[in-house]
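Participant: Data file final.cif (mmCIF, C-alpha atoms and all ligand atoms) is appended below.
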data_work
loop_
_atom_site.group_PDB
_atom_site.id
_atom_site.type_symbol
_atom_site.label_atom_id
_atom_site.label_comp_id
_atom_site.auth_asym_id
_atom_site.auth_seq_id
_atom_site.Cartn_x
_atom_site.Cartn_y
_atom_site.Cartn_z
ATOM 1 C CA MET A 132 131.782 47.009 187.167
ATOM 2 C CA SER A 133 129.715 44.750 189.405
ATOM 3 C CA GLY A 134 127.087 42.001 189.074
ATOM 4 C CA PRO A 135 127.317 39.225 186.515
ATOM 5 C CA GLN A 136 129.704 41.269 184.313
ATOM 6 C CA ALA A 137 132.267 41.790 187.090
ATOM 7 C CA LEU A 138 134.485 38.906 186.026
ATOM 8 C CA ARG A 139 134.514 39.572 182.290
ATOM 9 C CA CYS A 140 138.035 39.713 180.925
ATOM 10 C CA ARG A 141 140.037 39.766 177.703
ATOM 11 C CA ILE A 142 143.021 37.728 176.647
ATOM 12 C CA GLY A 143 143.995 39.589 173.494
ATOM 13 C CA SER A 144 141.086 39.265 171.073
ATOM 14 C CA LEU A 145 139.390 36.613 173.205
ATOM 15 C CA GLU A 146 136.615 37.838 175.492
ATOM 16 C CA LEU A 147 135.740 35.596 178.399
ATOM 17 C CA ASP A 148 133.027 35.630 181.082
ATOM 18 C CA SER A 149 135.609 34.955 183.758
ATOM 19 C CA PRO A 150 139.395 35.064 184.260
ATOM 20 C CA LEU A 151 139.252 31.592 185.842
ATOM 21 C CA LEU A 152 140.426 28.826 183.504
ATOM 22 C CA THR A 153 141.174 25.191 184.182
ATOM 23 C CA GLY A 154 144.846 24.222 184.107
ATOM 24 C CA SER A 155 145.517 22.101 181.015
ATOM 25 C CA GLY A 156 144.167 18.587 181.494
ATOM 26 C CA THR A 157 142.988 19.015 185.075
ATOM 27 C CA PHE A 158 139.266 18.817 184.347
ATOM 28 C CA GLY A 159 138.849 16.046 181.816
ATOM 29 C CA HIS A 160 137.786 16.115 178.212
ATOM 30 C CA ASP A 161 134.050 15.849 178.625
ATOM 31 C CA GLY A 162 131.108 17.799 179.970
ATOM 32 C CA LEU A 163 132.028 17.198 183.630
ATOM 33 C CA VAL A 164 132.517 20.943 184.130
ATOM 34 C CA THR A 165 128.796 21.547 183.755
ATOM 35 C CA ARG A 166 128.097 19.180 186.693
ATOM 36 C CA PHE A 167 130.320 21.091 189.081
ATOM 37 C CA LEU A 168 130.565 24.704 187.894
ATOM 38 C CA GLN A 169 127.943 27.416 187.587
ATOM 39 C CA PRO A 170 127.442 29.140 184.219
ATOM 40 C CA GLY A 171 129.651 32.204 183.864
ATOM 41 C CA ASP A 172 132.218 31.118 186.467
ATOM 42 C CA LEU A 173 134.584 29.267 184.131
ATOM 43 C CA GLY A 174 136.297 31.444 181.523
ATOM 44 C CA ALA A 175 137.546 28.542 179.430
ATOM 45 C CA LEU A 176 138.208 24.834 179.662
ATOM 46 C CA VAL A 177 141.842 24.094 178.797
ATOM 47 C CA ILE A 178 142.286 20.571 177.480
ATOM 48 C CA LYS A 179 145.103 18.102 178.230
ATOM 49 C CA THR A 180 147.984 18.165 175.762
ATOM 50 C CA VAL A 181 147.393 16.209 172.560
ATOM 51 C CA THR A 182 150.292 14.945 170.445
ATOM 52 C CA PRO A 183 150.411 13.676 166.835
ATOM 53 C CA ALA A 184 150.816 9.997 167.807
ATOM 54 C CA PRO A 185 149.279 8.193 170.799
ATOM 55 C CA ARG A 186 151.465 8.205 173.927
ATOM 56 C CA GLY A 187 151.245 5.591 176.648
ATOM 57 C CA GLY A 188 152.738 7.960 179.221
ATOM 58 C CA ASN A 189 155.383 7.309 181.851
ATOM 59 C CA PRO A 190 155.729 4.210 184.054
ATOM 60 C CA PRO A 191 153.892 4.286 187.410
ATOM 61 C CA PRO A 192 153.856 5.623 190.027
ATOM 62 C CA ARG A 193 153.037 8.909 188.305
ATOM 63 C CA LEU A 194 151.915 11.015 191.247
ATOM 64 C CA VAL A 195 153.267 11.711 194.700
ATOM 65 C CA GLU A 196 152.002 14.309 197.171
ATOM 66 C CA THR A 197 154.499 16.674 198.783
ATOM 67 C CA PRO A 198 154.043 19.382 201.435
ATOM 68 C CA ALA A 199 151.611 21.820 199.785
ATOM 69 C CA GLY A 200 152.206 20.288 196.381
ATOM 70 C CA LEU A 201 151.856 17.425 193.942
ATOM 71 C CA LEU A 202 154.680 15.947 191.875
ATOM 72 C CA ASN A 203 153.444 14.440 188.602
ATOM 73 C CA SER A 204 155.066 12.469 185.854
ATOM 74 C CA ILE A 205 152.207 11.650 183.500
ATOM 75 C CA GLY A 206 154.335 11.875 180.360
ATOM 76 C CA LEU A 207 151.626 13.441 178.178
ATOM 77 C CA GLU A 208 149.544 10.283 177.965
ATOM 78 C CA ASN A 209 146.947 10.738 175.219
ATOM 79 C CA ARG A 210 145.386 8.811 172.352
ATOM 80 C CA GLY A 211 146.887 10.955 169.596
ATOM 81 C CA VAL A 212 145.346 13.666 167.465
ATOM 82 C CA ASP A 213 143.316 11.447 165.103
ATOM 83 C CA ALA A 214 141.438 9.739 167.951
ATOM 84 C CA PHE A 215 141.105 13.105 169.700
ATOM 85 C CA ILE A 216 139.456 14.668 166.659
ATOM 86 C CA ALA A 217 137.210 11.666 165.996
ATOM 87 C CA GLU A 218 136.067 11.020 169.563
ATOM 88 C CA THR A 219 136.663 14.020 171.812
ATOM 89 C CA VAL A 220 136.232 17.055 169.590
ATOM 90 C CA PRO A 221 132.495 16.333 169.000
ATOM 91 C CA LEU A 222 131.959 16.442 172.796
ATOM 92 C CA LEU A 223 133.932 19.654 173.110
ATOM 93 C CA ARG A 224 131.973 21.220 170.262
ATOM 94 C CA GLU A 225 128.742 20.582 172.184
ATOM 95 C CA LEU A 226 130.265 22.219 175.241
ATOM 96 C CA SER A 227 131.304 25.320 173.321
ATOM 97 C CA LYS A 228 127.846 25.815 171.757
ATOM 98 C CA PRO A 229 124.861 27.491 173.477
ATOM 99 C CA PRO A 230 123.309 26.939 175.965
ATOM 100 C CA ARG A 231 126.588 25.955 177.674
ATOM 101 C CA ALA A 232 128.815 28.178 175.509
ATOM 102 C CA ILE A 233 132.038 27.336 177.353
ATOM 103 C CA PRO A 234 135.078 28.340 175.274
ATOM 104 C CA VAL A 235 137.512 25.471 174.901
ATOM 105 C CA VAL A 236 141.265 25.954 174.569
ATOM 106 C CA ALA A 237 143.184 23.125 172.925
ATOM 107 C CA ASN A 238 146.722 22.274 174.038
ATOM 108 C CA ALA A 239 149.260 21.099 171.447
ATOM 109 C CA GLY A 240 152.361 19.029 172.196
ATOM 110 C CA GLY A 241 155.187 17.779 170.033
ATOM 111 C CA GLU A 242 158.797 16.652 169.928
ATOM 112 C CA SER A 243 159.834 18.712 166.882
ATOM 113 C CA VAL A 244 158.808 21.867 165.055
ATOM 114 C CA ASP A 245 157.080 19.693 162.439
ATOM 115 C CA GLU A 246 155.062 17.883 165.087
ATOM 116 C CA TYR A 247 153.880 21.161 166.628
ATOM 117 C CA VAL A 248 152.916 22.425 163.175
ATOM 118 C CA HIS A 249 151.013 19.205 162.477
ATOM 119 C CA MET A 250 149.143 19.621 165.764
ATOM 120 C CA VAL A 251 148.242 23.273 165.313
ATOM 121 C CA ARG A 252 147.069 22.661 161.715
ATOM 122 C CA SER A 253 144.924 19.716 162.786
ATOM 123 C CA LEU A 254 143.406 21.526 165.785
ATOM 124 C CA ASP A 255 142.793 24.676 163.771
ATOM 125 C CA ARG A 256 140.851 22.726 161.123
ATOM 126 C CA THR A 257 138.361 21.367 163.677
ATOM 127 C CA GLU A 258 137.070 24.913 164.291
ATOM 128 C CA ALA A 259 136.189 23.793 167.816
ATOM 129 C CA PHE A 260 138.677 25.857 169.786
ATOM 130 C CA ALA A 261 138.682 29.441 170.994
ATOM 131 C CA ALA A 262 142.489 29.362 171.254
ATOM 132 C CA ILE A 263 145.398 26.950 171.018
ATOM 133 C CA GLU A 264 147.867 26.724 173.889
ATOM 134 C CA VAL A 265 151.216 25.386 172.690
ATOM 135 C CA ASN A 266 152.800 23.272 175.409
ATOM 136 C CA LEU A 267 156.501 24.046 175.095
ATOM 137 C CA SER A 268 157.277 23.168 178.695
ATOM 138 C CA CYS A 269 156.277 19.666 179.813
ATOM 139 C CA PRO A 270 159.172 18.499 182.024
ATOM 140 C CA ASN A 271 158.180 14.815 181.785
ATOM 141 C CA VAL A 272 158.932 13.800 178.201
ATOM 142 C CA GLN A 273 161.755 13.291 175.700
ATOM 143 C CA GLY A 274 163.679 11.086 178.130
ATOM 144 C CA GLY A 275 164.723 14.033 180.270
ATOM 145 C CA ALA A 276 165.729 16.242 177.304
ATOM 146 C CA LEU A 277 165.162 19.942 177.975
ATOM 147 C CA PRO A 278 161.754 21.212 176.862
ATOM 148 C CA PHE A 279 161.601 23.743 174.008
ATOM 149 C CA ALA A 280 160.637 26.445 176.510
ATOM 150 C CA THR A 281 164.102 26.452 178.057
ATOM 151 C CA SER A 282 165.581 28.067 174.917
ATOM 152 C CA ALA A 283 164.514 31.392 173.392
ATOM 153 C CA GLU A 284 165.611 30.179 169.932
ATOM 154 C CA ALA A 285 163.611 26.950 170.169
ATOM 155 C CA VAL A 286 160.513 28.830 171.382
ATOM 156 C CA ALA A 287 160.848 31.244 168.470
ATOM 157 C CA ARG A 288 161.169 28.416 165.933
ATOM 158 C CA VAL A 289 158.060 26.595 167.178
ATOM 159 C CA ILE A 290 155.855 29.674 167.612
ATOM 160 C CA GLU A 291 156.876 31.202 164.284
ATOM 161 C CA ALA A 292 156.089 27.959 162.450
ATOM 162 C CA CYS A 293 152.762 27.514 164.285
ATOM 163 C CA ARG A 294 151.802 31.149 163.730
ATOM 164 C CA SER A 295 151.755 30.653 159.990
ATOM 165 C CA CYS A 296 149.206 27.797 160.336
ATOM 166 C CA THR A 297 146.437 29.500 162.296
ATOM 167 C CA GLU A 298 144.709 32.794 162.844
ATOM 168 C CA ARG A 299 143.298 31.547 166.123
ATOM 169 C CA PRO A 300 144.773 32.973 169.324
ATOM 170 C CA LEU A 301 148.031 31.130 169.974
ATOM 171 C CA TRP A 302 149.264 30.907 173.565
ATOM 172 C CA ALA A 303 152.825 29.838 174.368
ATOM 173 C CA LYS A 304 152.995 27.801 177.594
ATOM 174 C CA LEU A 305 156.391 28.603 179.078
ATOM 175 C CA SER A 306 158.544 26.857 181.670
ATOM 176 C CA PRO A 307 159.487 27.943 185.184
ATOM 177 C CA ASN A 308 162.643 25.821 184.898
ATOM 178 C CA VAL A 309 164.793 28.655 183.552
ATOM 179 C CA ALA A 310 167.001 31.283 185.172
ATOM 180 C CA ARG A 311 165.476 34.232 183.293
ATOM 181 C CA LEU A 312 162.051 34.199 181.695
ATOM 182 C CA GLY A 313 162.260 37.643 180.069
ATOM 183 C CA PRO A 314 164.256 36.731 176.924
ATOM 184 C CA ILE A 315 162.125 33.626 176.348
ATOM 185 C CA ALA A 316 158.891 35.593 176.747
ATOM 186 C CA GLN A 317 160.231 38.178 174.281
ATOM 187 C CA ALA A 318 161.140 35.452 171.790
ATOM 188 C CA ALA A 319 157.557 34.136 171.945
ATOM 189 C CA GLU A 320 156.169 37.656 171.485
ATOM 190 C CA ARG A 321 158.414 38.389 168.486
ATOM 191 C CA ALA A 322 157.506 35.045 166.904
ATOM 192 C CA GLY A 323 153.798 35.937 166.983
ATOM 193 C CA ALA A 324 152.282 34.453 170.157
ATOM 194 C CA ASP A 325 149.044 36.144 171.227
ATOM 195 C CA ALA A 326 149.457 35.338 174.926
ATOM 196 C CA LEU A 327 151.797 33.567 177.335
ATOM 197 C CA THR A 328 150.828 30.920 179.835
ATOM 198 C CA VAL A 329 153.200 31.405 182.765
ATOM 199 C CA ALA A 330 154.104 28.752 183.632
ATOM 200 C CA ASN A 331 154.208 24.955 183.926
ATOM 201 C CA THR A 332 155.381 22.698 186.777
ATOM 202 C CA LEU A 333 158.749 22.986 188.539
ATOM 203 C CA LEU A 334 161.071 20.044 187.967
ATOM 204 C CA GLY A 335 161.440 18.037 191.200
ATOM 205 C CA LEU A 336 162.423 14.746 192.771
ATOM 206 C CA VAL A 337 161.055 12.732 195.704
ATOM 207 C CA VAL A 338 163.283 9.920 196.985
ATOM 208 C CA ASP A 339 162.320 6.646 198.667
ATOM 209 C CA TRP A 340 165.565 6.473 200.605
ATOM 210 C CA ARG A 341 164.959 2.964 201.977
ATOM 211 C CA ARG A 342 164.682 1.529 198.483
ATOM 212 C CA ARG A 343 167.319 3.968 197.237
ATOM 213 C CA ARG A 344 164.968 4.825 194.366
ATOM 214 C CA PRO A 345 162.989 7.827 193.131
ATOM 215 C CA VAL A 346 159.346 7.460 194.163
ATOM 216 C CA LEU A 347 158.097 8.262 190.658
ATOM 217 C CA GLY A 348 158.475 5.602 187.969
ATOM 218 C CA ALA A 349 160.233 7.996 185.594
ATOM 219 C CA GLY A 350 162.456 9.558 188.295
ATOM 220 C CA PHE A 351 161.806 13.291 188.073
ATOM 221 C CA GLY A 352 158.395 14.925 188.041
ATOM 222 C CA GLY A 353 156.778 18.342 187.812
ATOM 223 C CA LEU A 354 155.741 20.067 191.043
ATOM 224 C CA SER A 355 152.416 21.934 191.146
ATOM 225 C CA GLY A 356 150.121 23.280 193.872
ATOM 226 C CA PRO A 357 150.398 26.053 196.470
ATOM 227 C CA ALA A 358 154.101 25.277 197.036
ATOM 228 C CA ILE A 359 155.024 26.801 193.657
ATOM 229 C CA ARG A 360 152.746 29.865 193.778
ATOM 230 C CA PRO A 361 155.447 32.389 194.777
ATOM 231 C CA VAL A 362 157.677 31.103 191.958
ATOM 232 C CA ALA A 363 154.872 31.403 189.408
ATOM 233 C CA MET A 364 154.061 34.864 190.807
ATOM 234 C CA ARG A 365 157.649 36.006 190.339
ATOM 235 C CA MET A 366 157.600 34.697 186.769
ATOM 236 C CA VAL A 367 154.327 36.441 185.915
ATOM 237 C CA TRP A 368 155.877 39.684 187.143
ATOM 238 C CA GLU A 369 159.068 39.019 185.165
ATOM 239 C CA ALA A 370 157.051 38.335 182.012
ATOM 240 C CA ARG A 371 154.939 41.467 182.638
ATOM 241 C CA GLN A 372 158.148 43.548 182.653
ATOM 242 C CA ALA A 373 159.434 41.899 179.479
ATOM 243 C CA VAL A 374 156.440 41.856 177.079
ATOM 244 C CA ASP A 375 153.143 43.543 176.247
ATOM 245 C CA LEU A 376 151.336 40.247 175.655
ATOM 246 C CA PRO A 377 148.460 39.151 177.878
ATOM 247 C CA ILE A 378 149.583 36.669 180.521
ATOM 248 C CA VAL A 379 147.650 33.633 181.723
ATOM 249 C CA ALA A 380 149.007 32.684 185.140
ATOM 250 C CA SER A 381 149.356 29.024 186.028
ATOM 251 C CA GLY A 382 150.934 27.833 189.269
ATOM 252 C CA GLY A 383 149.331 27.094 192.621
ATOM 253 C CA ALA A 384 146.315 29.416 192.707
ATOM 254 C CA ALA A 385 143.639 28.074 195.057
ATOM 255 C CA THR A 386 141.708 31.095 196.355
ATOM 256 C CA ALA A 387 140.287 34.425 195.163
ATOM 257 C CA GLU A 388 143.107 36.155 197.083
ATOM 258 C CA ASP A 389 145.652 34.159 195.038
ATOM 259 C CA VAL A 390 143.875 35.180 191.839
ATOM 260 C CA MET A 391 144.028 38.852 192.833
ATOM 261 C CA GLU A 392 147.762 38.473 193.561
ATOM 262 C CA PHE A 393 148.358 37.072 190.075
ATOM 263 C CA VAL A 394 146.222 39.780 188.471
ATOM 264 C CA THR A 395 148.064 42.505 190.378
ATOM 265 C CA ALA A 396 151.403 41.004 189.257
ATOM 266 C CA GLY A 397 150.210 41.241 185.648
ATOM 267 C CA ALA A 398 147.993 38.288 184.733
ATOM 268 C CA SER A 399 144.814 38.769 182.686
ATOM 269 C CA ALA A 400 143.548 35.314 183.624
ATOM 270 C CA VAL A 401 144.487 32.541 186.027
ATOM 271 C CA GLN A 402 144.417 28.779 185.556
ATOM 272 C CA ILE A 403 143.235 26.634 188.463
ATOM 273 C CA GLY A 404 144.735 23.150 188.317
ATOM 274 C CA THR A 405 145.941 21.083 191.260
ATOM 275 C CA ALA A 406 143.622 22.700 193.848
ATOM 276 C CA GLY A 407 140.629 21.627 191.765
ATOM 277 C CA PHE A 408 141.472 17.942 192.314
ATOM 278 C CA GLN A 409 140.428 18.329 195.960
ATOM 279 C CA ARG A 410 137.288 20.321 195.165
ATOM 280 C CA PRO A 411 135.892 20.026 191.642
ATOM 281 C CA ASP A 412 133.528 22.959 192.380
ATOM 282 C CA LEU A 413 136.470 25.174 193.392
ATOM 283 C CA ILE A 414 136.317 27.492 190.372
ATOM 284 C CA SER A 415 132.723 28.455 191.232
ATOM 285 C CA ARG A 416 133.687 29.050 194.858
ATOM 286 C CA ILE A 417 136.604 31.235 193.772
ATOM 287 C CA ALA A 418 134.370 33.104 191.316
ATOM 288 C CA ALA A 419 131.867 33.952 194.087
ATOM 289 C CA ASP A 420 134.680 35.086 196.406
ATOM 290 C CA LEU A 421 136.288 37.086 193.603
ATOM 291 C CA ARG A 422 133.070 39.001 192.848
ATOM 292 C CA ALA A 423 132.729 39.769 196.564
ATOM 293 C CA LEU A 424 136.380 40.848 196.862
ATOM 294 C CA LEU A 425 136.201 43.182 193.868
ATOM 295 C CA LYS A 426 133.052 44.800 195.252
ATOM 296 C CA GLN A 427 134.448 45.073 198.758
ATOM 297 C CA GLU A 428 137.707 46.669 197.578
ATOM 298 C CA GLY A 429 136.034 48.861 194.959
ATOM 299 C CA THR A 430 138.370 47.669 192.217
ATOM 300 C CA ASP A 431 138.040 45.780 188.921
ATOM 301 C CA LEU A 432 140.170 43.267 187.084
ATOM 302 C CA GLU A 433 141.285 45.638 184.340
ATOM 303 C CA SER A 434 142.571 48.411 186.582
ATOM 304 C CA GLN A 435 144.116 45.890 188.993
ATOM 305 C CA CYS A 436 145.995 44.049 186.215
ATOM 306 C CA GLY A 437 149.748 44.718 186.461
ATOM 307 C CA SER A 438 149.271 47.493 189.039
ATOM 308 C CA LEU A 439 151.956 46.079 191.359
ATOM 309 C CA GLN A 440 154.291 48.844 192.481
ATOM 310 C CA TRP A 441 157.846 47.693 192.975
ATOM 311 C CA PRO A 442 159.592 48.965 196.126
ATOM 312 C CA SER A 443 162.276 51.585 195.489
ATOM 313 C CA PRO A 444 165.848 50.612 196.502
ATOM 314 C CA ALA A 445 165.465 52.865 199.578
ATOM 315 C CA ALA A 446 162.302 51.029 200.639
ATOM 316 C CA SER A 447 164.117 47.691 200.426
ATOM 317 C CA GLY A 448 166.777 48.901 202.840
ATOM 318 C CA LYS A 449 169.554 49.307 200.233
ATOM 319 C CA VAL A 450 170.326 52.981 200.862
HETATM 320 C C1 LIG A 501 152.487 15.475 181.900
HETATM 321 O O1 LIG A 501 151.658 14.963 181.136
HETATM 322 O O2 LIG A 501 153.531 14.890 182.195
HETATM 323 C C2 LIG A 501 152.238 16.820 182.496
HETATM 324 C C3 LIG A 501 151.915 17.840 181.490
HETATM 325 C C4 LIG A 501 152.844 19.010 181.494
HETATM 326 O O3 LIG A 501 153.588 19.220 182.459
HETATM 327 O O4 LIG A 501 152.852 19.788 180.530
#
In structure tokens, how does this file's structure come out?
Ligand code: SIN

Facilitator:
Amino acid sequence: MSGPQALRCRIGSLELDSPLLTGSGTFGHDGLVTRFLQPGDLGALVIKTVTPAPRGGNPPPRLVETPAGLLNSIGLENRGVDAFIAETVPLLRELSKPPRAIPVVANAGGESVDEYVHMVRSLDRTEAFAAIEVNLSCPNVQGGALPFATSAEAVARVIEACRSCTERPLWAKLSPNVARLGPIAQAAERAGADALTVANTLLGLVVDWRRRRPVLGAGFGGLSGPAIRPVAMRMVWEARQAVDLPIVASGGAATAEDVMEFVTAGASAVQIGTAGFQRPDLISRIAADLRALLKQEGTDLESQCGSLQWPSPAASGKV
């Protein structure tokens, strides 16, 4: 397929114009996307995590740059779901209606199963969202407690409870901070997730050795950007082997070549986050390059998805 249809893709029942999504919370809550991105280039706008109660976020500094990466410790700052529904949802509804018609994916956070359920119920009722991404993996909250996504049982409990509150596509946003993703991905699939977002930021630490203090106000932070792309790639491949669910890749993609790598490893769509901070028009640039690449190589997203061929033991030298 070529021309304007070349980037069309599916994430389960959701059909999108493009496999390029924003990473949760990296493009604001308003209509800014329409100032920077061409129609048809953005598959969906993924909103910053919203929680039941307002959160002030973590103490500053909250960001520090690293070689090829960014360490953040925002702490899920947001005004809470009531303010979100009253003030932000009307803007998002405009965005999702023609002529803009940009699908919007909500992102739900919580500190307990009940809080996640409250969020998914509230977001579902607004009828403004094409899907709900459940953030099980923020590394910057709960005073350093492990996120839900580090335990298959916890993931299953949250997704199962949320599943019963919505018929909208439910995406489980998993964590890269685990030894093996497969069992956790399978738990999400069994509990009724429609797709997996693989993954979130890698837990990290930058030290100001002169002051003998962490640079970030909360100590640890989550690493994003090109530095984590090979880790995210490995996890997309691991998830692809473990489940049949569609996978939304998230972790360091910045070019059309990166997107094709993720698609080949098994992703149906790719979120662009940190790289977009440098160039807010990046998604449109990637979309143009992606159309050209697909044409040049005579391939399409569907046949490329998950087509990675693993080397045999002989090919890896272990004869
Ligand atoms: C944050 O708000 O701390 C980052 C969001 C996340 O990692 O899920």

Participant: Report as a list in words the full result of the PyMOL selection byres (((not hetatm)) within 6 of (chain A and resi 501)) when it is applied to this structure.

Facilitator: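 Answer for the PyMOL selection byres (((not hetatm)) within 6 of (chain A and resi 501)): Ser204, Ile205, Gly206, Leu207, Ser268, Cys269, Pro270, Asn271, Asn331 and Thr332 of chain A.
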
Participant: Fewer than 5 positions away in the same chain doesn't count, so skip those; otherwise give me all residues within 6 Å of range 341-354 of chain A, counting all atoms listed in the file, as a ChimeraX atom specification.

Facilitator: /A:190-193,201-204,332-336

Participant: Find the residue from A:Arg422, A:Arg410, A:Arg256, A:His249 that sits nearest to Phe158 in chain A; use all atoms listed in the file when measuring.

Facilitator: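 The answer is A:Arg410, which sits nearest to Phe158 in chain A.
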
Participant: For the contact check between range 187-273 of chain A and range 296-313 of chain A, emit one row per residue of range 187-273 of chain A within 8 Å, containing the shortest atom pair and the distance in Å rounded to one decimal, counting all atoms listed in the file, chain then rising number order, as CSV.

Facilitator:
residue,atom,partner,partner_atom,distance
A:Val248,CA,A:Cys296,CA,7.1
A:Val251,CA,A:Cys296,CA,6.8
A:Arg252,CA,A:Cys296,CA,5.7
A:Asp255,CA,A:Thr297,CA,6.2
A:Ala261,CA,A:Arg299,CA,7.0
A:Ala262,CA,A:Pro300,CA,4.7
A:Ile263,CA,A:Leu301,CA,5.0
A:Glu264,CA,A:Trp302,CA,4.4
A:Val265,CA,A:Ala303,CA,5.0
A:Asn266,CA,A:Lys304,CA,5.0
A:Leu267,CA,A:Lys304,CA,5.7
A:Ser268,CA,A:Ser306,CA,4.9
A:Cys269,CA,A:Ser306,CA,7.8

Participant: How many Å lie between CA of Glu218 in chain A and CA of Phe260 in chain A, rounded to one decimal?

Facilitator: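 Atom-to-atom, CA of Glu218 in chain A to CA of Phe260 in chain A, that is 15.1 Å.
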
Participant: Report the residues retrieved by the PyMOL selection byres (((chain A and resi 389-393) around 10) and not hetatm) from the displayed file, expressed as number ranges by chain.

Facilitator: A: 150-151, 357, 360-361, 363-365, 367-368, 378-388, 394-403, 417-418, 421, 424-425, 431-432, 435-437, 439

Participant: May I ask which of the residues A:Pro411, A:Pro185, A:Ala285, A:Pro229 is the closest one to Ser243 in chain A, counting all atoms listed in the file?

Facilitator: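 Closest candidate: A:Ala285.
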